[in-house]
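See below for run_18.cif, which holds mmCIF, C-alpha atoms.
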data_entry
loop_
_atom_site.label_atom_id
_atom_site.label_comp_id
_atom_site.auth_asym_id
_atom_site.auth_seq_id
_atom_site.Cartn_x
_atom_site.Cartn_y
_atom_site.Cartn_z
CA MET F 1 20.09 -18.07 -5.78
CA TYR F 2 17.41 -17.54 -3.13
CA VAL F 3 13.88 -18.47 -4.18
CA PRO F 4 11.05 -18.07 -1.67
CA SER F 5 8.94 -21.08 -0.67
CA ALA F 6 5.89 -19.33 -2.19
CA VAL F 7 7.13 -20.52 -5.58
CA THR F 8 6.45 -24.13 -4.57
CA LYS F 9 3.17 -23.35 -2.82
CA GLN F 10 1.07 -22.28 -5.76
CA ALA F 11 -1.60 -24.91 -5.12
CA GLU F 12 -1.94 -23.53 -1.61
CA ILE F 13 -2.17 -19.96 -2.92
CA GLU F 14 -4.83 -20.94 -5.45
CA ALA F 15 -6.86 -22.75 -2.81
CA ALA F 16 -6.66 -19.70 -0.56
CA ILE F 17 -7.78 -17.46 -3.41
CA ALA F 18 -10.78 -19.71 -3.99
CA ARG F 19 -11.71 -19.50 -0.29
CA VAL F 20 -11.35 -15.72 -0.28
CA GLN F 21 -13.55 -15.38 -3.36
CA GLN F 22 -16.15 -17.59 -1.78
CA SER F 23 -16.14 -15.71 1.51
CA ILE F 24 -16.33 -12.24 -0.05
CA GLY F 25 -18.88 -13.16 -2.68
CA PRO F 26 -19.76 -11.74 -6.09
CA ASP F 27 -18.04 -8.36 -5.62
CA VAL F 28 -14.80 -10.15 -6.52
CA VAL F 29 -15.01 -11.49 -10.05
CA ARG F 30 -11.59 -13.15 -10.06
CA ILE F 31 -8.12 -12.95 -8.57
CA ARG F 32 -4.95 -13.61 -10.53
CA TYR F 33 -1.41 -13.49 -9.22
CA ASP F 34 2.28 -13.68 -10.05
CA ILE F 35 5.33 -14.21 -7.90
CA GLY F 36 8.41 -12.18 -8.64
CA GLU F 37 10.72 -9.47 -7.38
CA ASP F 38 9.46 -5.97 -6.67
CA TRP F 39 11.25 -2.74 -7.55
CA SER F 40 13.56 -3.07 -4.54
CA GLY F 41 14.53 -6.65 -5.35
CA GLN F 42 12.36 -8.13 -2.61
CA TRP F 43 10.32 -11.21 -3.49
CA ALA F 44 6.62 -10.49 -3.68
CA VAL F 45 3.27 -11.93 -4.72
CA PHE F 46 1.37 -9.54 -6.99
CA PHE F 47 -2.40 -10.00 -6.80
CA ARG F 48 -4.66 -8.63 -9.55
CA ILE F 49 -8.19 -8.42 -8.23
CA LEU F 50 -11.04 -7.86 -10.67
CA LEU F 51 -14.11 -6.31 -9.09
CA THR F 52 -17.64 -5.70 -10.30
CA ASP F 53 -18.22 -2.18 -11.53
CA ASP F 54 -20.46 -1.48 -8.56
CA ALA F 55 -17.88 -2.67 -6.03
CA ALA F 56 -15.06 -0.71 -7.68
CA ARG F 57 -17.03 2.49 -8.04
CA HIS F 58 -19.09 2.59 -4.82
CA ARG F 59 -17.55 0.22 -2.28
CA LEU F 60 -13.86 0.11 -3.10
CA ARG F 61 -12.71 0.78 0.47
CA ASP F 62 -14.84 -1.98 2.04
CA VAL F 63 -14.22 -4.59 -0.61
CA ALA F 64 -10.50 -3.90 -1.05
CA THR F 65 -9.94 -3.97 2.72
CA LYS F 66 -11.80 -7.29 3.00
CA VAL F 67 -9.77 -8.83 0.17
CA VAL F 68 -6.45 -7.70 1.64
CA TRP F 69 -7.35 -8.91 5.12
CA GLU F 70 -8.77 -12.23 3.95
CA LEU F 71 -5.75 -13.03 1.81
CA ALA F 72 -3.50 -12.19 4.78
CA ARG F 73 -5.60 -14.44 7.00
CA GLN F 74 -5.45 -17.34 4.59
CA LEU F 75 -1.78 -17.11 3.59
CA ASP F 76 1.36 -16.72 5.68
CA PHE F 77 3.20 -14.28 3.44
CA PRO F 78 6.23 -13.77 5.71
CA GLY F 79 6.45 -17.55 6.14
CA MET F 80 6.44 -17.96 2.35
CA GLY F 81 9.13 -15.31 1.97
CA VAL F 82 7.04 -12.84 -0.03
CA PHE F 83 5.43 -9.44 0.45
CA PRO F 84 1.89 -9.11 -0.91
CA TYR F 85 0.84 -6.37 -3.33
CA HIS F 86 -2.75 -5.87 -4.44
CA ASN F 87 -4.03 -4.05 -7.49
CA PHE F 88 -7.72 -3.64 -8.28
CA ARG F 89 -9.66 -3.00 -11.45
CA SER F 90 -13.30 -3.02 -12.48
CA VAL F 91 -14.85 -5.27 -15.12
CA SER F 92 -15.51 -2.26 -17.39
CA GLU F 93 -11.93 -1.04 -17.06
CA GLN F 94 -10.57 -4.47 -17.97
CA SER F 95 -13.03 -4.64 -20.86
CA MET F 96 -11.53 -1.44 -22.20
CA LEU F 97 -7.88 -2.40 -21.62
CA GLN F 98 -8.13 -6.12 -22.49
CA GLU F 99 -4.89 -6.92 -20.64
CA PRO F 100 -4.16 -10.68 -20.73
CA ALA F 101 -2.68 -10.68 -17.22
CA TRP F 102 -6.10 -9.75 -15.85
CA ALA F 103 -8.08 -12.18 -18.00
CA MET J 1 -1.28 22.78 7.51
CA GLY J 2 1.90 20.69 7.29
CA LEU J 3 3.51 19.45 4.10
CA ALA J 4 1.97 15.99 4.46
CA ASP J 5 -1.58 17.33 4.68
CA GLU J 6 -1.04 19.75 1.79
CA LEU J 7 0.33 16.99 -0.39
CA PHE J 8 -2.64 14.83 0.57
CA LYS J 9 -5.02 17.57 -0.52
CA ASP J 10 -3.10 17.93 -3.80
CA ALA J 11 -3.32 14.18 -4.37
CA HIS J 12 -7.12 14.38 -4.07
CA PHE J 13 -7.28 17.32 -6.47
CA LEU J 14 -5.06 15.60 -9.04
CA ALA J 15 -7.06 12.38 -8.72
CA ASP J 16 -10.41 14.09 -9.33
CA LYS J 17 -9.09 16.21 -12.20
CA GLY J 18 -7.13 13.38 -13.78
CA ILE J 19 -10.12 11.05 -13.73
CA THR J 20 -12.56 13.69 -14.96
CA ASP J 21 -10.28 14.79 -17.79
CA GLN J 22 -8.90 11.28 -18.38
CA ARG J 23 -5.34 12.61 -18.18
CA GLN J 24 -2.86 9.79 -17.55
CA THR J 25 -0.22 12.30 -16.42
CA MET J 26 -2.45 13.74 -13.72
CA MET J 27 -3.49 10.30 -12.55
CA ARG J 28 0.17 9.34 -12.28
CA ARG J 29 1.00 12.52 -10.35
CA SER J 30 -1.94 11.84 -8.04
CA ILE J 31 -0.58 8.42 -7.08
CA SER J 32 2.93 9.79 -6.66
CA THR J 33 1.67 12.69 -4.56
CA ALA J 34 -0.42 10.38 -2.38
CA TYR J 35 2.72 8.37 -1.65
CA TYR J 36 4.77 11.47 -0.84
CA ALA J 37 2.00 12.70 1.45
CA ALA J 38 2.29 9.49 3.48
CA PHE J 39 6.10 9.63 3.30
CA HIS J 40 6.16 13.13 4.77
CA LEU J 41 3.57 12.17 7.39
CA PHE J 42 6.09 9.77 8.93
CA ILE J 43 8.99 12.20 8.58
CA GLU J 44 7.03 15.02 10.22
CA ASP J 45 6.11 12.78 13.15
CA PHE J 46 9.69 11.70 13.58
CA VAL J 47 11.37 15.09 13.40
CA GLU J 48 8.82 16.95 15.55
CA HIS J 49 10.43 15.31 18.58
CA TRP J 50 13.90 16.67 17.74
CA GLU J 51 14.49 19.58 20.06
CA PHE J 52 16.22 21.87 17.55
CA PRO J 53 13.80 23.21 14.88
CA ASP J 54 16.56 24.46 12.57
CA GLN J 55 17.88 20.88 12.22
CA ARG J 56 14.58 19.09 11.60
CA ALA J 57 14.63 19.37 7.80
CA ARG J 58 18.16 17.95 7.71
CA LEU J 59 17.14 15.09 10.00
CA GLY J 60 14.12 14.37 7.80
CA ARG J 61 16.34 14.03 4.73
CA MET J 62 17.96 10.99 6.34
CA PHE J 63 14.85 8.89 5.64
CA GLY J 64 15.35 6.49 2.74
CA HIS J 65 12.42 5.17 0.71
CA GLY J 66 13.59 1.57 0.72
CA LYS J 67 14.10 1.28 4.48
CA MET J 68 10.71 2.74 5.21
CA CYS J 69 8.94 -0.43 4.14
CA THR J 70 10.45 -2.43 6.95
CA ALA J 71 8.29 -5.36 8.11
CA PHE J 72 6.52 -5.73 11.44
CA THR J 73 5.58 -9.04 13.08
CA PRO J 74 2.94 -9.13 15.82
CA LYS J 75 3.85 -11.02 19.00
CA ASP J 76 1.09 -13.56 18.31
CA LYS J 77 0.70 -13.74 14.52
CA LYS J 78 -2.67 -15.48 14.72
CA ASN J 79 -4.11 -13.04 17.29
CA PRO J 80 -2.65 -9.59 16.77
CA THR J 81 -3.81 -6.86 19.13
CA THR J 82 -5.90 -4.04 17.67
CA VAL J 83 -2.90 -1.71 17.63
CA GLU J 84 -0.68 -4.37 16.04
CA GLN J 85 -3.29 -4.96 13.33
CA GLU J 86 -3.55 -1.24 12.63
CA LEU J 87 0.23 -0.93 12.41
CA GLN J 88 0.25 -3.89 10.04
CA ASP J 89 -2.45 -2.16 7.96
CA VAL J 90 -0.38 1.04 7.84
CA ILE J 91 2.70 -0.85 6.66
CA THR J 92 0.78 -2.82 4.03
CA ALA J 93 -0.89 0.34 2.71
CA PHE J 94 2.35 2.33 2.66
CA SER J 95 4.27 -0.45 0.90
CA GLN J 96 1.57 -0.74 -1.75
CA LEU J 97 1.62 3.03 -2.23
CA GLN J 98 5.38 2.95 -2.61
CA LYS J 99 5.15 0.27 -5.29
CA ASP J 100 2.40 2.16 -7.11
CA ARG J 101 4.42 5.37 -6.93
CA GLU J 102 7.40 3.61 -8.53
CA ARG J 103 5.18 2.43 -11.37
CA ALA J 104 3.46 5.80 -11.73
CA ASP J 105 6.81 7.58 -11.96
CA TYR J 106 8.79 5.12 -14.09
CA ASP J 107 6.57 2.55 -15.84
CA GLY J 108 5.59 4.27 -19.07
CA GLY J 109 3.65 1.18 -20.14
CA TRP J 110 1.20 1.31 -17.22
CA ARG J 111 -2.24 2.36 -18.46
CA LEU J 112 -3.94 3.78 -15.42
CA VAL J 113 -7.63 3.49 -14.78
CA GLU J 114 -9.84 5.23 -12.26
CA THR J 115 -9.67 2.32 -9.81
CA ASP J 116 -5.86 2.55 -9.68
CA VAL J 117 -6.10 6.20 -8.65
CA ARG J 118 -9.01 5.77 -6.24
CA ASN J 119 -7.19 2.87 -4.61
CA ALA J 120 -4.05 4.93 -4.07
CA ILE J 121 -6.12 7.69 -2.47
CA ARG J 122 -7.84 5.09 -0.29
CA LEU J 123 -4.47 3.70 0.80
CA ALA J 124 -3.17 7.16 1.69
CA GLU J 125 -6.37 7.90 3.62
CA ASP J 126 -5.86 4.67 5.58
CA VAL J 127 -2.23 5.50 6.34
CA PHE J 128 -3.17 8.96 7.60
CA ALA J 129 -6.16 7.85 9.67
CA LYS J 130 -4.60 4.75 11.21
CA TRP J 131 -1.15 6.23 11.82
CA ARG J 132 -2.55 9.28 13.57
CA LYS J 133 -4.59 6.96 15.79
CA ILE J 134 -1.66 4.78 16.88
CA LYS J 135 1.42 6.99 16.52
CA ASP J 136 1.87 7.47 20.28
CA GLU J 137 1.66 3.73 21.03
CA ASP J 138 4.95 2.07 21.95
CA ILE J 139 5.00 -0.33 19.00
CA ALA J 140 4.29 2.51 16.56
CA ARG J 141 7.07 4.67 18.00
CA HIS J 142 9.48 1.74 17.83
CA HIS J 143 8.43 1.00 14.28
CA LEU J 144 9.00 4.61 13.26
CA LEU J 145 12.57 4.21 14.48
CA SER J 146 12.92 1.09 12.34
CA MET J 147 11.64 3.03 9.33
CA PHE J 148 14.38 5.55 9.98
CA GLY J 149 16.91 2.71 9.90
CA ALA J 150 17.51 2.12 13.59
CA ARG J 151 18.49 -1.45 14.46
CA SER J 152 16.24 -3.53 16.75
CA ASP J 153 17.10 -3.94 20.42
#

Could you take the file, read its structure, and then write that structure out as structure tokens?
Amino acid sequence: MYVPSAVTKQAEIEAAIARVQQSIGPDVVRIRYDIGEDWSGQWAVFFRILLTDDAARHRLRDVATKVVWELARQLDFPGMGVFPYHNFRSVSEQSMLQEPAWA
Amino acid sequence: MGLADELFKDAHFLADKGITDQRQTMMRRSISTAYYAAFHLFIEDFVEHWEFPDQRARLGRMFGHGKMCTAFTPKDKKNPTTVEQELQDVITAFSQLQKDRERADYDGGWRLVETDVRNAIRLAEDVFAKWRKIKDEDIARHHLLSMFGARSD
């Protein structure tokens, strides 16, 4: 069964996430991720990006674009055999939903 | 106004209303409609070049959702040209929209929040703006063929 190399590169992914958070600053509260298959059966890395309320409400375009670009700069997704997906949420929204995957 | 632009307008309306009224169904329809707006944007651009207007709708129905997320690799991955980067951005945004549309339509357990909806609208806006800027560039025209299912040279 085919498994992409991303599965064995989680330390690299975590280090890249740390660099991205540092470069973008406090707008990004934390980034979590999972590796798995998407709806079409293609392997993917699913990023869950928690933003401050201010960033989510007033600067979503700028911050989301920066996060997507920076992650793509830091990680060779095609080389790791995965497609990246990014979902965003604000601190208040997560406070309301209390979903463990975003904690 | 073409179908793509009308759908895009509807997506905005559903987003605003869904968020204001906190209606999960409207928020889901907004995300789905944003995706279909982008989907029809590509189809309209493809079929407009077919000489026979009465056959364009039939040609457009040949597009398959899965194939449309075909990947693109810049010539120099570390230094993409501006157009290559914008094409990459279009593909990334469209693929994300497609995934979100699947969830919005079929994942009953997804509890949507305002940021999910605003992000989908943002992605659709990016697809529209960036695609319309680059659609006449060679790499964009070639990529549109790939989205239709044509094999590479």

| For this file, the PyMOL selection byres ((chain F and resi 52-67) around 6) selects which residues, as a ChimeraX atom specification? | /F:27,51,68-70,90-91

Up to 8 Å from chain F, what residues of chain J turn up? Count all atoms listed in the file and give them as JSON, numbers by chain.
-> {"J": [66, 96, 99, 102, 113, 115, 116, 119, 122]}

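The result of the PyMOL selection byres ((chain J and resi 70) around 8) on the shown file is Lys67, Met68, Cys69, Ala71, Phe72, Ile91, Ser146 and Met147 of chain J.
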
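Distance-wise, CA of Arg61 (chain J) and CA of Leu7 (chain J) end up 17.1 Å apart.
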
Given the PyMOL selection byres ((chain F and resi 13-20) around 10) and the file above, list the residues it selects as a PDB file with C-alpha atoms, keeping the file's coordinate frame.
ATOM      1  CA  ALA F   6       5.890 -19.330  -2.190  1.00  0.00           C
ATOM      2  CA  VAL F   7       7.130 -20.520  -5.580  1.00  0.00           C
ATOM      3  CA  THR F   8       6.450 -24.130  -4.570  1.00  0.00           C
ATOM      4  CA  LYS F   9       3.170 -23.350  -2.820  1.00  0.00           C
ATOM      5  CA  GLN F  10       1.070 -22.280  -5.760  1.00  0.00           C
ATOM      6  CA  ALA F  11      -1.600 -24.910  -5.120  1.00  0.00           C
ATOM      7  CA  GLU F  12      -1.940 -23.530  -1.610  1.00  0.00           C
ATOM      8  CA  GLN F  21     -13.550 -15.380  -3.360  1.00  0.00           C
ATOM      9  CA  GLN F  22     -16.150 -17.590  -1.780  1.00  0.00           C
ATOM     10  CA  SER F  23     -16.140 -15.710   1.510  1.00  0.00           C
ATOM     11  CA  ILE F  24     -16.330 -12.240  -0.050  1.00  0.00           C
ATOM     12  CA  GLY F  25     -18.880 -13.160  -2.680  1.00  0.00           C
ATOM     13  CA  VAL F  28     -14.800 -10.150  -6.520  1.00  0.00           C
ATOM     14  CA  ARG F  30     -11.590 -13.150 -10.060  1.00  0.00           C
ATOM     15  CA  ILE F  31      -8.120 -12.950  -8.570  1.00  0.00           C
ATOM     16  CA  ARG F  32      -4.950 -13.610 -10.530  1.00  0.00           C
ATOM     17  CA  TYR F  33      -1.410 -13.490  -9.220  1.00  0.00           C
ATOM     18  CA  VAL F  45       3.270 -11.930  -4.720  1.00  0.00           C
ATOM     19  CA  PHE F  47      -2.400 -10.000  -6.800  1.00  0.00           C
ATOM     20  CA  LYS F  66     -11.800  -7.290   3.000  1.00  0.00           C
ATOM     21  CA  VAL F  67      -9.770  -8.830   0.170  1.00  0.00           C
ATOM     22  CA  VAL F  68      -6.450  -7.700   1.640  1.00  0.00           C
ATOM     23  CA  TRP F  69      -7.350  -8.910   5.120  1.00  0.00           C
ATOM     24  CA  GLU F  70      -8.770 -12.230   3.950  1.00  0.00           C
ATOM     25  CA  LEU F  71      -5.750 -13.030   1.810  1.00  0.00           C
ATOM     26  CA  ALA F  72      -3.500 -12.190   4.780  1.00  0.00           C
ATOM     27  CA  ARG F  73      -5.600 -14.440   7.000  1.00  0.00           C
ATOM     28  CA  GLN F  74      -5.450 -17.340   4.590  1.00  0.00           C
ATOM     29  CA  LEU F  75      -1.780 -17.110   3.590  1.00  0.00           C
ATOM     30  CA  ASP F  76       1.360 -16.720   5.680  1.00  0.00           C
TER      31      ASP F  76
END

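The interatomic distance for the pair CA of Gln98 (chain J) and CA of Ala124 (chain J) works out to 10.5 Å.
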
- request: Identify, on the basis of all atoms listed in the file, every residue whose closest approach to Glu125 (chain J) does not exceed 10 Å; exclude the query and any residue fewer than 5 positions from it along the same chain; express the result as a PyMOL selection string.
  value: chain J and resi 8+34+37-38+93+119-120+130-131

Skipping near chain neighbours, those fewer than 3 positions away, what residues fall within 9 Å of Ser32 (chain J) using only C-alpha atoms, listed as a list in words?
Ala11, Met27, Arg28, Arg29, Tyr35, Tyr36, Ala37, Leu97, Gln98, Asp100, Arg101, Glu102, Ala104, Asp105 and Ala120 of chain J
